[in-house]
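First up is the structure itself, then whatever we jot down about it.
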Amino acid sequence: MTIDNERVAVSPATKHSRRRSARGGDGIGDGSAVNGPPMSRSDANQGSAPPSRQFCSGADANDSRRGRRASRARRIARALAFACIAAIAILSLLPGAERPHTGAPGRVEHFVAYGGTGFLLALGYLCWRQRLTAWIGLAAASGAFEILQNFIPGRSPSLFDALASTGGLTCGMAVGVILTAALAWDRADGLLNANRGAAFRPALPLRRRHDPGND
């Protein structure tokens, strides 16, 4: 009689709880004492841990360091390019008796001088519009220098000298464009600007997100 009373005292909910405990529970949302406290759905959805912040910060630091080196090299290239342009202007307008000679043919000198200047301009300026402006300006300057040599003692204008200057400028800029593309200076410059913008962005006032529940 006591055994029958114990069987009657067991409620259906208790039997169901014991059967779930014997099967091991369903893992999420199980309220039995055997399986422990229920696990939230957000905890269950966390499959893989996010990437380490230290790794991300190290990658950003490397990108910023690379961008700073590229920016410093571009500034040096610009300064050297303007120095070369000034030297070309001075040597092109000097009288024939005062002009220094390297011993090489004049057209070779024109090709090398303008080629080196074009190479430095391509390194110093990554924008295609700036490069095109520099090419047009320097090519026009080579023609203007040849015209002005008609009024300088000991100098004579030559169309082939102007063509040699323009050809050297074109080849030098082409080599500079290929080199900057191989070194990915445009990408390094973009990453540097992005990191600088991210550094100043926290200082700006943040716009408060609209919460529909506050209406």
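Following the order of the structure tokens, chains are lettered A, B, ..., residues in each are numbered from 1, and ligands are numbered from 1.
For Ile152 (chain A), the non-local neighbours within 12 Å, defined as residues at least 5 positions apart in the same chain or in other chains and counting only C-alpha atoms, are Leu91, Ser92, Leu93, Leu94, Pro95, Gly96, Ala97, Glu98, Arg99, Phe145, Glu146, Ile147 and Pro157 of chain A.
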Generate the output file for the selected residues, N, CA and C atoms, as an mmCIF file, in the first residue's frame.
```cif
data_model
loop_
_atom_site.group_PDB
_atom_site.id
_atom_site.type_symbol
_atom_site.label_atom_id
_atom_site.label_comp_id
_atom_site.auth_asym_id
_atom_site.auth_seq_id
_atom_site.Cartn_x
_atom_site.Cartn_y
_atom_site.Cartn_z
ATOM 1 N N LEU A 91 69.965 75.698 -67.086
ATOM 2 C CA LEU A 91 70.892 75.208 -68.108
ATOM 3 C C LEU A 91 70.365 75.446 -69.517
ATOM 4 N N SER A 92 69.056 75.467 -69.683
ATOM 5 C CA SER A 92 68.485 75.693 -71.012
ATOM 6 C C SER A 92 68.590 77.140 -71.450
ATOM 7 N N LEU A 93 68.691 78.091 -70.509
ATOM 8 C CA LEU A 93 68.713 79.510 -70.834
ATOM 9 C C LEU A 93 70.093 80.133 -70.679
ATOM 10 N N LEU A 94 71.098 79.337 -70.328
ATOM 11 C CA LEU A 94 72.460 79.865 -70.243
ATOM 12 C C LEU A 94 73.048 80.067 -71.637
ATOM 13 N N PRO A 95 73.904 81.060 -71.800
ATOM 14 C CA PRO A 95 74.608 81.204 -73.089
ATOM 15 C C PRO A 95 75.454 79.966 -73.396
ATOM 16 N N GLY A 96 75.742 79.756 -74.669
ATOM 17 C CA GLY A 96 76.480 78.563 -75.081
ATOM 18 C C GLY A 96 77.858 78.470 -74.481
ATOM 19 N N ALA A 97 78.519 79.622 -74.258
ATOM 20 C CA ALA A 97 79.876 79.601 -73.702
ATOM 21 C C ALA A 97 79.886 79.242 -72.226
ATOM 22 N N GLU A 98 78.807 79.497 -71.527
ATOM 23 C CA GLU A 98 78.747 79.247 -70.084
ATOM 24 C C GLU A 98 78.061 77.920 -69.738
ATOM 25 N N ARG A 99 77.483 77.303 -70.705
ATOM 26 C CA ARG A 99 76.761 76.055 -70.439
ATOM 27 C C ARG A 99 77.738 74.905 -70.246
ATOM 28 N N PHE A 145 61.612 76.478 -74.000
ATOM 29 C CA PHE A 145 63.050 76.695 -73.834
ATOM 30 C C PHE A 145 63.763 76.686 -75.193
ATOM 31 N N GLU A 146 63.332 75.797 -76.072
ATOM 32 C CA GLU A 146 63.951 75.752 -77.394
ATOM 33 C C GLU A 146 63.657 77.027 -78.178
ATOM 34 N N ILE A 147 62.483 77.568 -78.022
ATOM 35 C CA ILE A 147 62.150 78.832 -78.718
ATOM 36 C C ILE A 147 62.978 79.984 -78.145
ATOM 37 N N PRO A 157 67.779 76.856 -81.426
ATOM 38 C CA PRO A 157 66.642 75.966 -81.165
ATOM 39 C C PRO A 157 66.668 74.750 -82.084
#
```
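Remark: for Gly115 (chain A), the closest of the candidate residues A:Arg155, A:Phe160, A:Ile88, A:Thr102 is A:Ile88 (distances computed over only C-alpha atoms).
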### Message
According to DSSP computed on the backbone, where in region 71-170 of chain A is there alpha helix (DSSP H)? Give the residues as a ChimeraX atom specification.
### Response
/A:71-93,106-124,128-148,159-170
